[in-house]
file run.cif (mmCIF, N, CA and C atoms, pLDDT in the B column; chains and numbers go by the auth columns)
data_work
loop_
_atom_site.group_PDB
_atom_site.id
_atom_site.type_symbol
_atom_site.label_atom_id
_atom_site.label_comp_id
_atom_site.label_asym_id
_atom_site.label_seq_id
_atom_site.Cartn_x
_atom_site.Cartn_y
_atom_site.Cartn_z
_atom_site.B_iso_or_equiv
_atom_site.auth_seq_id
_atom_site.auth_asym_id
ATOM 1 N N MET A 1 43.876 93.132 133.129 68.00 1 P
ATOM 2 C CA MET A 1 43.947 94.355 132.356 68.00 1 P
ATOM 3 C C MET A 1 42.783 94.411 131.362 68.00 1 P
ATOM 4 N N GLN A 2 42.399 93.271 130.834 70.00 2 P
ATOM 5 C CA GLN A 2 41.285 93.237 129.888 70.00 2 P
ATOM 6 C C GLN A 2 39.963 93.521 130.596 70.00 2 P
ATOM 7 N N LEU A 3 39.826 93.027 131.803 68.00 3 P
ATOM 8 C CA LEU A 3 38.587 93.211 132.554 68.00 3 P
ATOM 9 C C LEU A 3 38.294 94.683 132.787 68.00 3 P
ATOM 10 N N PHE A 4 39.310 95.458 133.110 65.00 4 P
ATOM 11 C CA PHE A 4 39.142 96.872 133.380 65.00 4 P
ATOM 12 C C PHE A 4 39.374 97.738 132.144 65.00 4 P
ATOM 13 N N ASP A 5 39.632 97.122 131.007 75.00 5 P
ATOM 14 C CA ASP A 5 39.911 97.836 129.762 75.00 5 P
ATOM 15 C C ASP A 5 41.013 98.863 129.990 75.00 5 P
ATOM 16 N N ASN A 6 42.146 98.338 130.461 72.00 6 P
ATOM 17 C CA ASN A 6 43.255 99.202 130.856 72.00 6 P
ATOM 18 C C ASN A 6 44.551 98.616 130.314 72.00 6 P
ATOM 19 N N LYS A 7 45.469 99.478 129.929 81.00 7 P
ATOM 20 C CA LYS A 7 46.742 99.012 129.383 81.00 7 P
ATOM 21 C C LYS A 7 47.889 99.163 130.364 81.00 7 P
ATOM 22 N N GLU A 8 47.634 99.806 131.497 85.00 8 P
ATOM 23 C CA GLU A 8 48.682 99.989 132.500 85.00 8 P
ATOM 24 C C GLU A 8 48.588 98.891 133.549 85.00 8 P
ATOM 25 N N LYS A 9 49.673 98.176 133.750 87.00 9 P
ATOM 26 C CA LYS A 9 49.682 97.073 134.708 87.00 9 P
ATOM 27 C C LYS A 9 49.459 97.558 136.132 87.00 9 P
ATOM 28 N N THR A 10 50.111 98.650 136.497 89.00 10 P
ATOM 29 C CA THR A 10 49.990 99.160 137.861 89.00 10 P
ATOM 30 C C THR A 10 48.557 99.555 138.172 89.00 10 P
ATOM 31 N N LYS A 11 47.914 100.237 137.246 87.00 11 P
ATOM 32 C CA LYS A 11 46.541 100.662 137.463 87.00 11 P
ATOM 33 C C LYS A 11 45.611 99.456 137.541 87.00 11 P
ATOM 34 N N ALA A 12 45.861 98.440 136.738 86.00 12 P
ATOM 35 C CA ALA A 12 45.055 97.223 136.771 86.00 12 P
ATOM 36 C C ALA A 12 45.191 96.524 138.119 86.00 12 P
ATOM 37 N N ILE A 13 46.388 96.498 138.654 87.00 13 P
ATOM 38 C CA ILE A 13 46.613 95.868 139.959 87.00 13 P
ATOM 39 C C ILE A 13 45.916 96.653 141.058 87.00 13 P
ATOM 40 N N VAL A 14 46.014 97.974 141.012 90.00 14 P
ATOM 41 C CA VAL A 14 45.354 98.815 142.014 90.00 14 P
ATOM 42 C C VAL A 14 43.839 98.617 141.962 90.00 14 P
ATOM 43 N N LEU A 15 43.271 98.615 140.771 87.00 15 P
ATOM 44 C CA LEU A 15 41.832 98.408 140.628 87.00 15 P
ATOM 45 C C LEU A 15 41.409 97.029 141.130 87.00 15 P
ATOM 46 N N ALA A 16 42.192 96.015 140.853 87.00 16 P
ATOM 47 C CA ALA A 16 41.882 94.665 141.317 87.00 16 P
ATOM 48 C C ALA A 16 41.939 94.580 142.835 87.00 16 P
ATOM 49 N N LEU A 17 42.926 95.226 143.440 93.00 17 P
ATOM 50 C CA LEU A 17 43.019 95.222 144.898 93.00 17 P
ATOM 51 C C LEU A 17 41.864 95.999 145.530 93.00 17 P
ATOM 52 N N GLN A 18 41.467 97.102 144.931 94.00 18 P
ATOM 53 C CA GLN A 18 40.324 97.852 145.440 94.00 18 P
ATOM 54 C C GLN A 18 39.052 97.009 145.370 94.00 18 P
ATOM 55 N N GLU A 19 38.882 96.288 144.307 93.00 19 P
ATOM 56 C CA GLU A 19 37.721 95.411 144.151 93.00 19 P
ATOM 57 C C GLU A 19 37.724 94.308 145.203 93.00 19 P
ATOM 58 N N LEU A 20 38.880 93.750 145.475 95.00 20 P
ATOM 59 C CA LEU A 20 39.001 92.715 146.501 95.00 20 P
ATOM 60 C C LEU A 20 38.646 93.270 147.877 95.00 20 P
ATOM 61 N N ILE A 21 39.118 94.460 148.180 96.00 21 P
ATOM 62 C CA ILE A 21 38.804 95.112 149.454 96.00 21 P
ATOM 63 C C ILE A 21 37.303 95.351 149.563 96.00 21 P
ATOM 64 N N ASN A 22 36.691 95.836 148.493 95.00 22 P
ATOM 65 C CA ASN A 22 35.248 96.081 148.509 95.00 22 P
ATOM 66 C C ASN A 22 34.460 94.797 148.721 95.00 22 P
ATOM 67 N N LYS A 23 34.865 93.717 148.084 95.00 23 P
ATOM 68 C CA LYS A 23 34.182 92.441 148.262 95.00 23 P
ATOM 69 C C LYS A 23 34.313 91.944 149.695 95.00 23 P
ATOM 70 N N ASN A 24 35.475 92.133 150.302 94.00 24 P
ATOM 71 C CA ASN A 24 35.660 91.715 151.690 94.00 24 P
ATOM 72 C C ASN A 24 34.798 92.547 152.637 94.00 24 P
ATOM 73 N N LYS A 25 34.670 93.838 152.372 93.00 25 P
ATOM 74 C CA LYS A 25 33.823 94.696 153.199 93.00 25 P
ATOM 75 C C LYS A 25 32.367 94.256 153.116 93.00 25 P
ATOM 76 N N VAL A 26 31.911 93.930 151.922 92.00 26 P
ATOM 77 C CA VAL A 26 30.533 93.475 151.742 92.00 26 P
ATOM 78 C C VAL A 26 30.321 92.146 152.487 92.00 26 P
ATOM 79 N N ALA A 27 31.283 91.256 152.397 91.00 27 P
ATOM 80 C CA ALA A 27 31.174 89.970 153.091 91.00 27 P
ATOM 81 C C ALA A 27 31.104 90.174 154.605 91.00 27 P
ATOM 82 N N GLU A 28 31.878 91.112 155.132 89.00 28 P
ATOM 83 C CA GLU A 28 31.832 91.400 156.565 89.00 28 P
ATOM 84 C C GLU A 28 30.483 91.978 156.965 89.00 28 P
ATOM 85 N N LEU A 29 29.918 92.834 156.137 87.00 29 P
ATOM 86 C CA LEU A 29 28.618 93.419 156.441 87.00 29 P
ATOM 87 C C LEU A 29 27.510 92.372 156.393 87.00 29 P
ATOM 88 N N LYS A 30 27.609 91.415 155.479 87.00 30 P
ATOM 89 C CA LYS A 30 26.603 90.359 155.383 87.00 30 P
ATOM 90 C C LYS A 30 26.548 89.520 156.657 87.00 30 P
ATOM 91 N N PHE A 31 27.655 89.439 157.385 85.00 31 P
ATOM 92 C CA PHE A 31 27.696 88.697 158.634 85.00 31 P
ATOM 93 C C PHE A 31 26.704 89.288 159.635 85.00 31 P
ATOM 94 N N TYR A 32 26.507 90.596 159.594 82.00 32 P
ATOM 95 C CA TYR A 32 25.641 91.282 160.544 82.00 32 P
ATOM 96 C C TYR A 32 24.192 91.387 160.086 82.00 32 P
ATOM 97 N N LYS A 33 23.878 90.868 158.913 80.00 33 P
ATOM 98 C CA LYS A 33 22.531 90.969 158.365 80.00 33 P
ATOM 99 C C LYS A 33 21.520 90.336 159.326 80.00 33 P
ATOM 100 N N GLY A 34 20.513 91.119 159.682 77.00 34 P
ATOM 101 C CA GLY A 34 19.454 90.618 160.555 77.00 34 P
ATOM 102 C C GLY A 34 19.788 90.620 162.030 77.00 34 P
ATOM 103 N N LYS A 35 20.950 91.093 162.424 79.00 35 P
ATOM 104 C CA LYS A 35 21.348 91.054 163.826 79.00 35 P
ATOM 105 C C LYS A 35 21.072 92.365 164.555 79.00 35 P
ATOM 106 N N PHE A 36 20.686 93.396 163.826 73.00 36 P
ATOM 107 C CA PHE A 36 20.416 94.694 164.430 73.00 36 P
ATOM 108 C C PHE A 36 19.049 95.186 163.981 73.00 36 P
ATOM 109 N N ALA A 37 18.335 95.808 164.901 71.00 37 P
ATOM 110 C CA ALA A 37 17.061 96.433 164.553 71.00 37 P
ATOM 111 C C ALA A 37 17.355 97.868 164.132 71.00 37 P
ATOM 112 N N LEU A 38 17.141 98.152 162.886 70.00 38 P
ATOM 113 C CA LEU A 38 17.452 99.472 162.350 70.00 38 P
ATOM 114 C C LEU A 38 16.153 100.220 162.037 70.00 38 P
ATOM 115 N N ASP A 39 15.362 100.475 163.067 75.00 39 P
ATOM 116 C CA ASP A 39 14.086 101.142 162.863 75.00 39 P
ATOM 117 C C ASP A 39 14.143 102.629 163.190 75.00 39 P
ATOM 118 N N MET A 40 15.318 103.225 163.115 73.00 40 P
ATOM 119 C CA MET A 40 15.475 104.650 163.368 73.00 40 P
ATOM 120 C C MET A 40 15.219 105.436 162.088 73.00 40 P
ATOM 121 N N ASP A 41 14.722 106.653 162.263 79.00 41 P
ATOM 122 C CA ASP A 41 14.560 107.505 161.105 79.00 41 P
ATOM 123 C C ASP A 41 15.627 108.600 161.137 79.00 41 P
ATOM 124 N N ILE A 42 15.776 109.301 160.049 80.00 42 P
ATOM 125 C CA ILE A 42 16.855 110.275 159.906 80.00 42 P
ATOM 126 C C ILE A 42 16.712 111.423 160.896 80.00 42 P
ATOM 127 N N ASP A 43 15.482 111.826 161.217 82.00 43 P
ATOM 128 C CA ASP A 43 15.282 112.932 162.167 82.00 43 P
ATOM 129 C C ASP A 43 15.768 112.562 163.558 82.00 43 P
ATOM 130 N N SER A 44 15.502 111.345 163.998 78.00 44 P
ATOM 131 C CA SER A 44 15.976 110.937 165.326 78.00 44 P
ATOM 132 C C SER A 44 17.495 110.835 165.363 78.00 44 P
ATOM 133 N N LEU A 45 18.105 110.447 164.257 76.00 45 P
ATOM 134 C CA LEU A 45 19.559 110.388 164.208 76.00 45 P
ATOM 135 C C LEU A 45 20.178 111.777 164.270 76.00 45 P
ATOM 136 N N ARG A 46 19.546 112.732 163.643 79.00 46 P
ATOM 137 C CA ARG A 46 20.062 114.100 163.650 79.00 46 P
ATOM 138 C C ARG A 46 19.949 114.732 165.037 79.00 46 P
ATOM 139 N N LYS A 47 18.964 114.330 165.808 79.00 47 P
ATOM 140 C CA LYS A 47 18.737 114.912 167.126 79.00 47 P
ATOM 141 C C LYS A 47 19.653 114.325 168.200 79.00 47 P
ATOM 142 N N ARG A 48 20.344 113.238 167.902 76.00 48 P
ATOM 143 C CA ARG A 48 21.232 112.634 168.890 76.00 48 P
ATOM 144 C C ARG A 48 22.358 113.585 169.238 76.00 48 P
ATOM 145 N N ASN A 49 22.800 113.528 170.462 71.00 49 P
ATOM 146 C CA ASN A 49 23.900 114.376 170.919 71.00 49 P
ATOM 147 C C ASN A 49 25.156 113.487 171.034 71.00 49 P
ATOM 148 N N VAL A 50 25.833 113.326 169.919 69.00 50 P
ATOM 149 C CA VAL A 50 27.001 112.446 169.868 69.00 50 P
ATOM 150 C C VAL A 50 28.233 113.301 169.557 69.00 50 P
ATOM 151 N N HIS A 51 29.276 113.124 170.360 66.00 51 P
ATOM 152 C CA HIS A 51 30.521 113.854 170.151 66.00 51 P
ATOM 153 C C HIS A 51 31.660 112.868 169.948 66.00 51 P
ATOM 154 N N PHE A 52 32.445 113.092 168.938 65.00 52 P
ATOM 155 C CA PHE A 52 33.623 112.271 168.667 65.00 52 P
ATOM 156 C C PHE A 52 34.866 113.097 168.966 65.00 52 P
ATOM 157 N N ASP A 53 35.746 112.534 169.731 59.00 53 P
ATOM 158 C CA ASP A 53 36.992 113.240 170.057 59.00 53 P
ATOM 159 C C ASP A 53 38.141 112.725 169.237 59.00 53 P
#
call {"tool": "encode", "arguments": {"input": "run.cif", "output": "structure tokens"}}
result
Amino acid sequence: MQLFDNKEKTKAIVLALQELINKNKVAELKFYKGKFALDMDIDSLRKRNVHFD
């Protein structure tokens, strides 16, 4: 509660869980660092014909 400067226990718990989720997402992304060639530019991405159903 002190870390987030918050007096509500529920809100402090929610914020702590969100932070934990964010840290786990970053750790998962770091696993893929250097494994993909990302040399595409934004114009080529916009021109792709991708459909999601």
call {"tool": "select_by_dssp", "arguments": {"input": "run.cif", "residues": "chain P", "states": "alpha helix (DSSP H)", "output": "list in words"}}
result
Lys9, Thr10, Lys11, Ala12, Ile13, Val14, Leu15, Ala16, Leu17, Gln18, Glu19, Leu20, Ile21, Asn22, Lys23, Asn24, Lys25, Val26, Ala27, Glu28, Leu29, Lys30, Phe31, Ile42, Asp43, Ser44, Leu45, Arg46 and Lys47 of chain P
call {"tool": "atom_distance", "arguments": {"input": "run.cif", "atom1": "atom C of Lys7 in chain P", "atom2": "atom N of Ala27 in chain P"}}
result
28.7 Å
call {"tool": "axis_aligned_box", "arguments": {"input": "run.cif", "around": "range 14-28 of chain P", "padding_each_side": "8 Å", "output": "JSON"}}
result
{"center_x": 38.2, "center_y": 94.4, "center_z": 148.8, "size_x": 31.7, "size_y": 24.8, "size_z": 32.3}
call {"tool": "atom_distance", "arguments": {"input": "run.cif", "atom1": "CA of Gln2 in chain P", "atom2": "CA of Leu20 in chain P"}}
result
16.8 Å
call {"tool": "atom_distance", "arguments": {"input": "run.cif", "atom1": "atom N of Lys11 in chain P", "atom2": "atom C of Glu28 in chain P"}}
result
27.6 Å
